[in-house]
There are 2 protein chains.
Amino acid sequence: MRHTDLDILIFGGTLLTMSEQMNIIENCLIGIKDGVIVSIQTKNNQAPSYESAKEIIDASSCVVMPGLINTHTHLPMVAFRGKADDLPLIDWLNNNIFPLEARFVNKNMVYECAMLAIAEMILSGTTTFCDAYFFESSIAEAAQFCSMRAVAAQGFADFATPDNPKYEKMMAAANRFVNRWKPYAPMITPAFFCHSPYTCSPATLVNVKQAAREADILYLTHLLEQRDEIEIIEQRYGKKPVRHLYDLGVLDEKTVAVHCNWLTKEDMEILADTGVGVSHNPESSMKLAAGVAPVAEMLERKINVGLGTDGAASNNDLDMFREMDSAAKIHKVMSLNPTAMSAQTVLQAATIGGAKLLGLEKLIGSIEVGKRADIILIDMNQPHLTPVYNYYSHMVYAARGADVKTSIINGKIVMKERKLLTIDLPKTMYAVNQIAKQVAAR
Amino acid sequence: MRHTDLDILIFGGTLLTMSEQMNIIENCLIGIKDGVIVSIQTKNNQAPSYESAKEIIDASSCVVMPGLINTHTHLPMVAFRGKADDLPLIDWLNNNIFPLEARFVNKNMVYECAMLAIAEMILSGTTTFCDAYFFESSIAEAAQFCSMRAVAAQGFADFATPDNPKYEKMMAAANRFVNRWKPYAPMITPAFFCHSPYTCSPATLVNVKQAAREADILYLTHLLEQRDEIEIIEQRYGKKPVRHLYDLGVLDEKTVAVHCNWLTKEDMEILADTGVGVSHNPESSMKLAAGVAPVAEMLERKINVGLGTDGAASNNDLDMFREMDSAAKIHKVMSLNPTAMSAQTVLQAATIGGAKLLGLEKLIGSIEVGKRADIILIDMNQPHLTPVYNYYSHMVYAARGADVKTSIINGKIVMKERKLLTIDLPKTMYAVNQIAKQVAAR
């Protein structure tokens, strides 16, 4: 292929491919055409006529790597960022989050807040998110509008939700949601999300999994975020939560368990055997004092682990760079083992690990010829990233979301030199601030 | 005072005073003259003729607050940032850090690396640091050159150090260091630093404390960073480390113990009774898998606690915003108590708490009339800081070093709109990169 055929050519910089071989290519040259990575070379090898590609991006002094994949979040909760912190969990949920959601969550709120959240995510290097909330179609619409890649999971619980005032209608609405997005929108992957084993009856858990299997989509659930969940499920069903889900037959390779802070060794064996993957959200679980997932032990058992931020009401940001830093550190201090969760392991979880978790590893998660072009450039020419001995170390322990200079999703430049190109940021911030005024006046 | 007499007038924005009363002033108006805060008002109260102050700073859409105080670091270790991570401690120290320091630490290296570290600190909102290293005069010189406020602590250990090849000469050199800085440089506060109870003999610990008392300066030591230290000291002296220091008579209100990850309740009583303060460095201790200091219990006992980053070889950044976030979260998850270490408590530790720890609370740590003008402006007009319900929450859980827009130290603007005004950053980065080339080639 001649470079004149390219849509985008990225030249210079250090490419962290995050491929199986973990190749690092200095002075890289990446060709993008129709959203796909069509060539990866070292600039020194030849002198290509890259001047004639449609768009040329100078990545000198940059790290070039796959966009980060946030495997669990609730985007609209940015509306409640900092509204209620440092509270006992029951107080936080019952007197703050649940009443706020009941009163303020609607279609418009979800769309506007998702837009703000996507702005924050793009500005901090995320190119794919997996969201679980109400009015999930509005989140998919916002993602599509911004050219963001998304797994959008429609939520289920055994009570009426803001988007489905009648429980009976949830399944029909969910099927309409899948049919709306699945065949027509390659950037949007619909999924189902059962809130948890303690808010969903066995019937709901089984029926939703059955529908997910029929639609061939991902099935997500919160699992063992808090320790209390063990006792609640044992009292109700006479067994531990993971065994409960296993006996219901809902655990398989298309099931993602979120949090998993209180897994026993037996639980981990079950997850490993059934192929269930785990979304690890360390910062949210630290802030809520929920616990720390035994990630190193999961990885030993070859359980797929992706990273996520959770919602902004319990983090309170959506910055995957901070999440990586915390993930690398919390497991070291919990195990008093400084070799636990190396920087490279964490960066894998935030890229190719997340892609595998979401079933998107053939499309994204690494920079390889044939994959979709979800690529970020990190500006290394900064004091806190000087000097450089190890790129993985810097990405995890020293780089910040604000260091992401340029971001490409599916071959489209969505941020260039810190400027968002697909979002009207002042308009979006104004809209969310208007919602927040009502929230504050509650 | 008429505003025409002012050197700087800051107007607009939300002032977090961090005073005893924790006043928050909306639409603030702060007058600065000769390095001192001379007036604090609300803009609405009157229509002052601020157009005629020498320098006018528009703080609209900003949080205005005291600069952050980094109470423990080893600045020149930026040279080894990311050189050796995720290793067992003994391997990290004996095969990496100690040999690197023995080979590469010299006067010039300390000066250049301190300059880079100061650039990173100013860019992330720190206005005062307390450093402990070799060639401490070079660090003080760098701080003075950049108009940064510093406590510079000359290091002692029972072996020859790079700056004092003969152990016998250390005390004389240290006294020269104090005499050089104490009377002449109001921005530089000299101090002494005994590396630890396990690297300093009782004689060294006592003699250095005696000299510190004579010079009326601060005395710092690493204490109980690693759990092993308990056994080492018990084997050597038949008592636990804190009791050992107490019996030597080196604990008083001018002693700062750094880390304190393994304090017992009895240890905390001793620190509280003697007035010893503690520098808490959560991220470094997480990354080194050293432990987590019982900070909530220290604060209950009215022990003064400041925050610090430690050196960049074990963090790997000098960003106090990240440190605050981690400090607020790690104690919650360790105690499984989401009310532990509120955002406000953490922000106090990073400002006025740090000032008290360093004996500088009459000068800095809060924004009050009569105090020195060490002030930072945080740009709140950003998606990850939208909306706002609680400023303390946002400063700790959502704001980042890169959000600091403007920084004033002792009434001098050292950074404006993210541009450093007292440091030649390209020159400094070049100098450190040249040193790093030699380190990498080792």
# chains A, B, ... in the order shown; residues from 1 in each chain; ligands from 1
>>> select_by_dssp(residues="region 90-323 of chain A", states="strand (DSSP E or B)", output="VMD selection string")
chain A and resid 126 to 133 149 to 156 161 164 188 to 194 218 to 223 255 to 259 277 to 280 305 to 307
>>> select_by_dssp(residues="region 393-427 of chain A", states="helix (DSSP H, G or I)", output="short mmCIF file (atom, residue, chain, number, x, y, z; two decimals) with C-alpha atoms, in the first residue's frame")
data_model
loop_
_atom_site.label_atom_id
_atom_site.label_comp_id
_atom_site.auth_asym_id
_atom_site.auth_seq_id
_atom_site.Cartn_x
_atom_site.Cartn_y
_atom_site.Cartn_z
CA SER A 393 6.51 2.08 34.48
CA HIS A 394 5.89 5.63 33.32
CA MET A 395 2.45 4.87 31.89
CA VAL A 396 1.32 3.34 35.18
CA TYR A 397 3.21 5.22 37.91
CA ALA A 398 3.89 8.68 36.52
CA GLY A 401 -4.78 11.59 31.98
CA ALA A 402 -3.82 15.17 31.21
CA ASP A 403 -0.69 13.92 29.41
CA LEU A 425 -17.67 21.01 25.79
CA PRO A 426 -19.00 24.39 27.01
CA LYS A 427 -22.53 23.40 25.97
#
>>> residues_around(residues="Ser335 (chain B)", least_positions_apart="2", cutoff="12 Å", atoms="only C-alpha atoms", output="list of chain:residue names")
A:Met286, A:Lys287, A:Leu288, A:Ala289, A:Ala290, A:Gly291, A:Val292, B:Val292, B:Ala293, B:Pro294, B:Val295, B:Ala296, B:Glu297, B:Ala328, B:Lys329, B:Ile330, B:His331, B:Lys332, B:Val333, B:Asn337, B:Pro338, B:Thr339, B:Ala340, B:Met341
>>> write_last_selection(atoms="C-alpha atoms", output="JSON list (two decimals), in the first residue's frame")
[["chain", "number", "residue", "atom", "x", "y", "z"],
["A", 286, "MET", "CA", -11.11, 1.82, 48.20],
["A", 287, "LYS", "CA", -13.23, 4.96, 48.57],
["A", 288, "LEU", "CA", -16.36, 3.00, 49.54],
["A", 289, "ALA", "CA", -14.23, 0.87, 51.89],
["A", 290, "ALA", "CA", -15.70, -2.12, 50.08],
["A", 291, "GLY", "CA", -12.57, -4.24, 49.87],
["A", 292, "VAL", "CA", -9.73, -5.21, 47.55],
["B", 292, "VAL", "CA", 0.07, 1.65, 55.77],
["B", 293, "ALA", "CA", 0.48, 4.12, 58.62],
["B", 294, "PRO", "CA", -2.38, 4.22, 61.17],
["B", 295, "VAL", "CA", -3.10, 7.86, 60.40],
["B", 296, "ALA", "CA", -6.69, 8.00, 61.62],
["B", 297, "GLU", "CA", -5.54, 6.73, 65.02],
["B", 328, "ALA", "CA", -8.09, 9.52, 51.52],
["B", 329, "LYS", "CA", -8.74, 6.12, 49.94],
["B", 330, "ILE", "CA", -6.16, 3.77, 51.45],
["B", 331, "HIS", "CA", -7.27, 4.33, 55.05],
["B", 332, "LYS", "CA", -10.90, 3.74, 54.15],
["B", 333, "VAL", "CA", -10.25, 0.36, 52.59],
["B", 337, "ASN", "CA", -14.66, 2.32, 57.16],
["B", 338, "PRO", "CA", -15.76, 4.78, 54.46],
["B", 339, "THR", "CA", -15.84, 7.66, 56.94],
["B", 340, "ALA", "CA", -12.11, 7.38, 57.74],
["B", 341, "MET", "CA", -9.95, 10.30, 56.55]]
>>> residues_around(residues="Lys437 (chain A)", least_positions_apart="2", cutoff="12 Å", atoms="only C-alpha atoms", output="PyMOL selection string")
(chain A and resi 79-80+83+104+430-435+439-442) or (chain B and resi 386-389)
>>> write_last_selection(atoms="C-alpha atoms", output="compact mmCIF listing (two decimals), in the first residue's frame")
# COMPACT_ATOMS: atom_id res chain seq x y z
CA ALA A 79 -24.09 14.40 37.98
CA PHE A 80 -23.52 13.31 41.59
CA LYS A 83 -22.39 15.17 46.21
CA PHE A 104 -33.20 13.18 38.72
CA TYR A 430 -23.54 24.10 30.95
CA ALA A 431 -26.23 21.43 30.58
CA VAL A 432 -24.82 19.32 33.43
CA ASN A 433 -24.39 22.37 35.65
CA GLN A 434 -28.08 23.17 35.13
CA ILE A 435 -28.99 19.66 36.29
CA VAL A 439 -29.62 18.40 42.60
CA ALA A 440 -27.94 20.87 44.96
CA ALA A 441 -31.28 22.50 45.80
CA ARG A 442 -32.82 19.18 46.80
CA THR B 386 -17.98 19.40 36.87
CA PRO B 387 -20.36 19.81 38.63
CA VAL B 388 -19.24 21.14 42.03
CA TYR B 389 -21.02 20.40 45.29
>>> closest_residue(among="B:Ala140, B:Leu347, B:Leu6, B:Leu299", to="Met115 (chain B)", atoms="only C-alpha atoms")
B:Ala140
>>> residues_around(residues="His72 (chain B)", least_positions_apart="3", cutoff="6 Å", atoms="only C-alpha atoms", output="JSON, numbers by chain")
{"B": [130, 131, 308, 310]}
>>> write_last_selection(atoms="C-alpha atoms", output="short mmCIF file (atom, residue, chain, number, x, y, z; two decimals), in the first residue's frame")
data_model
loop_
_atom_site.label_atom_id
_atom_site.label_comp_id
_atom_site.auth_asym_id
_atom_site.auth_seq_id
_atom_site.Cartn_x
_atom_site.Cartn_y
_atom_site.Cartn_z
CA CYS B 130 11.00 19.22 52.95
CA ASP B 131 13.90 17.35 51.41
CA GLY B 308 4.63 13.68 51.55
CA ASP B 310 8.80 10.47 49.20
#
>>> residues_around(residues="region 376-379 of chain B", least_positions_apart="2", cutoff="8 Å", atoms="only C-alpha atoms", output="PDB file with N, CA and C atoms, in the first residue's frame")
ATOM      1  N   ALA B  59      -9.038  35.187  38.997  1.00  0.00           N
ATOM      2  CA  ALA B  59      -9.206  33.813  39.488  1.00  0.00           C
ATOM      3  C   ALA B  59     -10.629  33.298  39.263  1.00  0.00           C
ATOM      4  N   SER B  61     -13.652  31.232  38.058  1.00  0.00           N
ATOM      5  CA  SER B  61     -13.708  29.785  37.758  1.00  0.00           C
ATOM      6  C   SER B  61     -12.557  29.010  38.385  1.00  0.00           C
ATOM      7  N   CYS B  62     -11.882  29.618  39.351  1.00  0.00           N
ATOM      8  CA  CYS B  62     -10.785  28.906  40.013  1.00  0.00           C
ATOM      9  C   CYS B  62     -11.081  28.679  41.493  1.00  0.00           C
ATOM     10  N   VAL B  63     -10.484  27.655  42.033  1.00  0.00           N
ATOM     11  CA  VAL B  63     -10.335  27.550  43.478  1.00  0.00           C
ATOM     12  C   VAL B  63      -9.000  28.193  43.828  1.00  0.00           C
ATOM     13  N   VAL B  64      -9.017  29.044  44.853  1.00  0.00           N
ATOM     14  CA  VAL B  64      -7.799  29.689  45.357  1.00  0.00           C
ATOM     15  C   VAL B  64      -7.516  29.068  46.716  1.00  0.00           C
ATOM     16  N   MET B  65      -6.339  28.531  46.898  1.00  0.00           N
ATOM     17  CA  MET B  65      -6.044  27.865  48.175  1.00  0.00           C
ATOM     18  C   MET B  65      -4.557  27.921  48.489  1.00  0.00           C
ATOM     19  N   PRO B  66      -4.194  27.557  49.730  1.00  0.00           N
ATOM     20  CA  PRO B  66      -2.765  27.558  50.065  1.00  0.00           C
ATOM     21  C   PRO B  66      -2.020  26.549  49.199  1.00  0.00           C
ATOM     22  N   GLY B  67      -0.804  26.859  48.833  1.00  0.00           N
ATOM     23  CA  GLY B  67       0.030  25.895  48.127  1.00  0.00           C
ATOM     24  C   GLY B  67       0.217  24.645  48.964  1.00  0.00           C
ATOM     25  N   GLY B 125       1.315  22.078  42.029  1.00  0.00           N
ATOM     26  CA  GLY B 125       0.684  22.779  43.147  1.00  0.00           C
ATOM     27  C   GLY B 125       1.439  22.808  44.461  1.00  0.00           C
ATOM     28  N   ASP B 374       1.738  32.137  49.817  1.00  0.00           N
ATOM     29  CA  ASP B 374       1.991  30.886  49.090  1.00  0.00           C
ATOM     30  C   ASP B 374       0.622  30.382  48.643  1.00  0.00           C
ATOM     31  N   ASN B 381     -12.849  24.921  35.592  1.00  0.00           N
ATOM     32  CA  ASN B 381     -13.690  24.906  34.391  1.00  0.00           C
ATOM     33  C   ASN B 381     -13.330  23.720  33.488  1.00  0.00           C
ATOM     34  N   GLN B 382     -13.477  22.516  34.024  1.00  0.00           N
ATOM     35  CA  GLN B 382     -13.041  21.321  33.314  1.00  0.00           C
ATOM     36  C   GLN B 382     -14.042  20.193  33.552  1.00  0.00           C
ATOM     37  N   ASP B 403      -4.195  20.535  36.935  1.00  0.00           N
ATOM     38  CA  ASP B 403      -5.259  21.541  36.996  1.00  0.00           C
ATOM     39  C   ASP B 403      -4.793  22.839  37.649  1.00  0.00           C
ATOM     40  N   VAL B 404      -3.600  22.823  38.237  1.00  0.00           N
ATOM     41  CA  VAL B 404      -3.075  24.040  38.860  1.00  0.00           C
ATOM     42  C   VAL B 404      -2.661  24.989  37.741  1.00  0.00           C
ATOM     43  N   LYS B 405      -3.238  26.182  37.782  1.00  0.00           N
ATOM     44  CA  LYS B 405      -3.084  27.118  36.671  1.00  0.00           C
ATOM     45  C   LYS B 405      -1.971  28.115  36.979  1.00  0.00           C
ATOM     46  N   THR B 406      -1.988  28.611  38.194  1.00  0.00           N
ATOM     47  CA  THR B 406      -1.069  29.669  38.583  1.00  0.00           C
ATOM     48  C   THR B 406      -0.596  29.394  40.007  1.00  0.00           C
ATOM     49  N   SER B 407       0.660  29.741  40.268  1.00  0.00           N
ATOM     50  CA  SER B 407       1.226  29.457  41.582  1.00  0.00           C
ATOM     51  C   SER B 407       2.069  30.648  42.056  1.00  0.00           C
ATOM     52  N   ILE B 408       1.840  31.025  43.299  1.00  0.00           N
ATOM     53  CA  ILE B 408       2.561  32.153  43.891  1.00  0.00           C
ATOM     54  C   ILE B 408       3.293  31.651  45.129  1.00  0.00           C
TER      55      ILE B 408
END
>>> residues_around(residues="region 348-360 of chain B", least_positions_apart="6", cutoff="6 Å", atoms="only C-alpha atoms", output="count of residues only")
7
>>> closest_residue(among="B:Val369, B:Thr42, B:Glu136, B:His384", to="Cys113 (chain A)", atoms="only C-alpha atoms")
B:His384
>>> closest_residue(among="B:Asp7, B:Gln210, B:Thr255, B:Trp92", to="Ile32 (chain B)", atoms="only C-alpha atoms")
B:Asp7
